[in-house]
Amino acid sequence: MPNPMQAIRWNKQMNFWCRLLTSIFLAGLAACLLLGLLEPGRAQAQTPATYTVQPGDTLFVIANRFGVELADLAAANGIADINLIAVGQVLVIPGAESSLPVIAARPGDSLADVAARLGATVEQVAALNQMEPAIRLFPGQPVQIPPGAPSDTELRFGAVTDVRLPGQIVQGRTGRLAVQSSRLLSLTATWNGLPLGVQPLSAGAEGTWQSAFLPTPALLGPGLFPVEIEYTASNGVVLSRTFSVLVSQGVYDSQLIELPDDKGGLLDPAFTQPEIEKLYALWAVTDTPLLWSEPFSRPIGLEYPTTSPYGTRRSYNGGPYSSYHAGQDFGAPAGVTVTAPGDGVVVLAEPLNVRGNAVVIDHGAGVFTGYWHLSENFMTPGQRVAVGDPLGLVGTTGLSTGNHLHWEVRIYGVAVDPLQFLEEGIGDWGLTIGD
Ligand SMILES: [Zn+2]
């Protein structure tokens with residue numbers, strides 16, 4: 001049972017959202033409230049073993065979030081002053097299931113020796129294992145490996161000579177996997193079970209590099225999730241390795257949406273399902289060559305601000321928070337021009353029941369962008385577009401409550417944070433290949 005104060009706070013929140021949502025329907029504030037509802041069940045949750053400190057966090061708030069005692073959380077992480085935590089610091093959550101990989105200490109190892117072999121600091125490994133940094137280990141003693149620091153022996157298997165993975169990915173953002181091999185291999189890879197579109201990298205000083213994106217749903221984790229890489233050797237033996245990547249908590253709001261009874265008919269699968277199937281079939285294509293390397297440009301002028309951000313968790317009519325806003329909404333009057341953020345090929349340009357007048361661009365390697373609710377659509381399927389080309393005009397077609405642009409980025413079908421694609425360095429993904 002929640003205590004009375006929590007209950008009061010909860011009621012206030014409920015009232016706030018009910019009032020807000022009523023005002024959304026009354027005022028027709030631009031939003032596409034139904035888009036999350038129509039693709040349920042594509043996210044998974046896992047018990048967090050670690051948590052990465054986000055801007056605005058306090059240790060007290062984090063302890064509350066995971067339901068652990070403040071003193072236990074501080075002790076587990078060797079924190080003497082609870083006011084001193086840093087953004088980006090990885091905290092161990094005491095009592096939570098840990099699925100971190102473990103290595104065995106060699107004879108004569110100190111914790112510092114193990115840390116050095118992993119490319120980690122002794123403080124990191126000590127905090128993770130709740131050990132004193134100066135400890136000597138007995139041979140075979142299990143030591144938990146920090147995320148993103150696989151041991152050197154794990155990085156090569158068969159003809160694979162190097163594997164690059166991000167140390168962590170924030171929920172909703174996209175990381176990148178790169179695999180080096182002594183000859184070109186027919187590699188397959190999965191990310192938490194999602195098949196990845198592995199493509200050869202054109203840049204590569206030595207050996208052969210192949211790469212894939214790691215698109216992370218806004219509702220995945222936080223926790224550790226597997227990347228599995230596999231190929232069949234020339235003797236027919238299947239070789240595979242599984243690595244763990246830490247998904248850390250993103251900063252997303254939650255939203256309760258009450259759909260009036262008279263809108264119920266809009267959720268009829270006969271009305272919503274055909275376009276979902278059509279879009280997922282398009283988004284499954286991964287063999288188009290990568291057509292962009294620069295950051296995307298904003299598809300609408302800077303004077304049109306975000307009215308509803310990517311990633312907001314959504315509950316419909318009191319149900320679970322099992323879906324999220326798949327794109328970024330920009331409020332703009334009807335008739336404002338929408339432009340291509342990067343080079344690509346138009347693969348869909350037609351009116352859809354829910355998404356209204358829609359354009360989808362294939363930017364290659366499994367990366368797609370979508371533009372919904374347009375009043376005018378200038379595109380035809382098969383057309384090549386360059387960055388800045390006009391695609392259509394802002395509108396409120398389909399299931400929309402006012403004029404706005406809904407912009408989304410899909411990778412292998414997963415809706416990821418579009419704003420990451422406007423950031424400097426997105427084209428090279430922070431990976432220096434061949435160094
Ligand atoms: Zn939207």
# chains A, B, ... in the order shown; residues from 1 in each chain; ligands from 1
call {"tool": "residues_around", "arguments": {"residues": "segment 327-332 of chain A", "least_positions_apart": "5", "cutoff": "9 Å", "atoms": "only C-alpha atoms", "output": "PyMOL selection string"}}
result
chain A and resi 29-32+300+303-311+370+394-395+402-409+415-419
call {"tool": "select_by_dssp", "arguments": {"residues": "segment 90-194 of chain A", "states": "helix (DSSP H, G or I)", "output": "PyMOL selection string"}}
result
chain A and resi 111-118+122-129+152-155
call {"tool": "residues_around", "arguments": {"residues": "Val114 of chain A", "least_positions_apart": "4", "cutoff": "10 Å", "atoms": "only C-alpha atoms", "output": "number ranges by chain"}}
result
A: 103-106, 109-110, 118-122, 125, 137, 143, 145, 151
call {"tool": "select_by_dssp", "arguments": {"residues": "segment 157-380 of chain A", "states": "strand (DSSP E)", "output": "ChimeraX atom specification"}}
result
/A:160-164,168-170,174-181,188-191,194-195,199-200,208-215,223-232,238-248,254-257,306-308,313-316,323-324,328-331,337-339,344-352,356-364,367-374,376-377
call {"tool": "atom_distance", "arguments": {"atom1": "atom CA of Glu69 of chain A", "atom2": "atom CA of Leu128 of chain A"}}
result
18.2 Å
call {"tool": "closest_residue", "arguments": {"among": "A:Gln273, A:Ser244, A:Thr396, A:Asn77", "to": "Thr190 of chain A", "atoms": "only C-alpha atoms"}}
result
A:Ser244
call {"tool": "atom_distance", "arguments": {"atom1": "atom CA of Val385 of chain A", "atom2": "atom CA of Ile276 of chain A"}}
result
24.0 Å
call {"tool": "atom_distance", "arguments": {"atom1": "atom CA of Asn83 of chain A", "atom2": "atom CA of Gln124 of chain A"}}
result
19.5 Å
call {"tool": "closest_atom_pairs", "arguments": {"of": "segment 355-433 of chain A", "to": "segment 336-346 of chain A", "cutoff": "12 Å", "atoms": "only C-alpha atoms", "output": "CSV"}}
result
residue,atom,partner,partner_atom,distance
A:Ala358,CA,A:Val346,CA,10.8
A:Val359,CA,A:Val346,CA,7.2
A:Val360,CA,A:Val346,CA,5.9
A:Ile361,CA,A:Val346,CA,4.4
A:Asp362,CA,A:Val345,CA,5.2
A:His363,CA,A:Gly344,CA,4.3
A:Gly364,CA,A:Gly344,CA,7.1
A:Ala365,CA,A:Gly344,CA,10.8
A:Gly366,CA,A:Gly344,CA,11.5
A:Val367,CA,A:Gly344,CA,9.6
A:Phe368,CA,A:Gly344,CA,8.8
A:Thr369,CA,A:Pro341,CA,8.7
A:Gly370,CA,A:Val346,CA,9.9
A:Tyr371,CA,A:Val338,CA,8.4
A:Trp372,CA,A:Val338,CA,10.5
A:His373,CA,A:Val338,CA,11.3
A:Leu374,CA,A:Val338,CA,8.7
A:Ser375,CA,A:Val336,CA,9.5
A:Glu376,CA,A:Thr337,CA,9.3
A:Asn377,CA,A:Val338,CA,9.6
A:Phe378,CA,A:Val338,CA,10.0
A:Met379,CA,A:Val346,CA,7.2
A:Thr380,CA,A:Val346,CA,6.9
A:Pro381,CA,A:Val346,CA,5.1
A:Gly382,CA,A:Val346,CA,5.4
A:Gln383,CA,A:Val346,CA,5.3
A:Arg384,CA,A:Val345,CA,4.5
A:Val385,CA,A:Gly344,CA,5.4
A:Ala386,CA,A:Asp343,CA,4.2
A:Val387,CA,A:Gly342,CA,4.1
A:Gly388,CA,A:Ala340,CA,5.1
A:Asp389,CA,A:Thr339,CA,5.3
A:Pro390,CA,A:Thr339,CA,4.3
A:Leu391,CA,A:Thr339,CA,5.3
A:Gly392,CA,A:Val338,CA,5.5
A:Leu393,CA,A:Thr337,CA,4.7
A:Val394,CA,A:Val336,CA,5.2
A:Gly395,CA,A:Val336,CA,8.3
A:Thr396,CA,A:Val336,CA,11.9
A:Asn403,CA,A:Val336,CA,9.8
A:His404,CA,A:Val336,CA,9.3
A:Leu405,CA,A:Val338,CA,8.0
A:His406,CA,A:Val338,CA,10.5
A:Trp407,CA,A:Val338,CA,9.8
A:Glu408,CA,A:Pro341,CA,11.3
A:Val409,CA,A:Pro341,CA,10.8
A:Pro418,CA,A:Pro341,CA,10.6
A:Leu419,CA,A:Pro341,CA,11.2
A:Phe421,CA,A:Pro341,CA,9.2
A:Leu422,CA,A:Pro341,CA,8.8
A:Gly427,CA,A:Gly342,CA,11.2
call {"tool": "closest_residue", "arguments": {"among": "A:Ala71, A:Val92, A:Leu399, A:Ile426", "to": "ligand 1", "atoms": "only C-alpha atoms and all ligand atoms"}}
result
A:Leu399
call {"tool": "residues_around", "arguments": {"residues": "Arg164 of chain A", "least_positions_apart": "5", "cutoff": "8 Å", "atoms": "only C-alpha atoms", "output": "VMD selection string"}}
result
chain A and resid 177 to 179
call {"tool": "residues_around", "arguments": {"residues": "Pro195 of chain A", "least_positions_apart": "3", "cutoff": "12 Å", "atoms": "only C-alpha atoms", "output": "VMD selection string"}}
result
chain A and resid 187 to 192 198 212 to 215 226 to 230 284 to 286 366 411 to 414
call {"tool": "write_last_selection", "arguments": {"atoms": "C-alpha atoms", "output": "PDB file, in the first residue's frame"}}
result
ATOM      1  CA  LEU A 187      28.686 -12.259 -40.309  1.00  0.00           C
ATOM      2  CA  THR A 188      25.304 -12.189 -38.641  1.00  0.00           C
ATOM      3  CA  ALA A 189      24.693 -10.268 -35.448  1.00  0.00           C
ATOM      4  CA  THR A 190      21.798  -9.678 -33.058  1.00  0.00           C
ATOM      5  CA  TRP A 191      21.189  -7.028 -30.368  1.00  0.00           C
ATOM      6  CA  ASN A 192      18.897  -8.317 -27.623  1.00  0.00           C
ATOM      7  CA  VAL A 198      25.803  -5.866 -40.917  1.00  0.00           C
ATOM      8  CA  ALA A 212      26.039  -2.436 -37.675  1.00  0.00           C
ATOM      9  CA  PHE A 213      23.938  -0.044 -35.604  1.00  0.00           C
ATOM     10  CA  LEU A 214      22.687  -0.843 -32.104  1.00  0.00           C
ATOM     11  CA  PRO A 215      19.309   0.937 -32.007  1.00  0.00           C
ATOM     12  CA  PRO A 226      23.501  -9.222 -25.295  1.00  0.00           C
ATOM     13  CA  VAL A 227      25.148  -8.581 -28.648  1.00  0.00           C
ATOM     14  CA  GLU A 228      25.716 -11.915 -30.405  1.00  0.00           C
ATOM     15  CA  ILE A 229      28.072 -12.212 -33.383  1.00  0.00           C
ATOM     16  CA  GLU A 230      28.162 -15.371 -35.484  1.00  0.00           C
ATOM     17  CA  ALA A 284      13.301  -4.432 -42.640  1.00  0.00           C
ATOM     18  CA  VAL A 285      15.430  -3.551 -45.693  1.00  0.00           C
ATOM     19  CA  THR A 286      19.091  -3.247 -44.633  1.00  0.00           C
ATOM     20  CA  GLY A 366      18.750   0.101 -42.288  1.00  0.00           C
ATOM     21  CA  ILE A 411      16.782   1.627 -37.555  1.00  0.00           C
ATOM     22  CA  TYR A 412      15.945  -2.023 -38.337  1.00  0.00           C
ATOM     23  CA  GLY A 413      12.392  -0.981 -37.399  1.00  0.00           C
ATOM     24  CA  VAL A 414      13.305   0.383 -33.931  1.00  0.00           C
TER      25      VAL A 414
END
call {"tool": "closest_residue", "arguments": {"among": "A:Gly193, A:Pro146, A:Pro107, A:Pro333", "to": "Thr242 of chain A", "atoms": "only C-alpha atoms"}}
result
A:Gly193
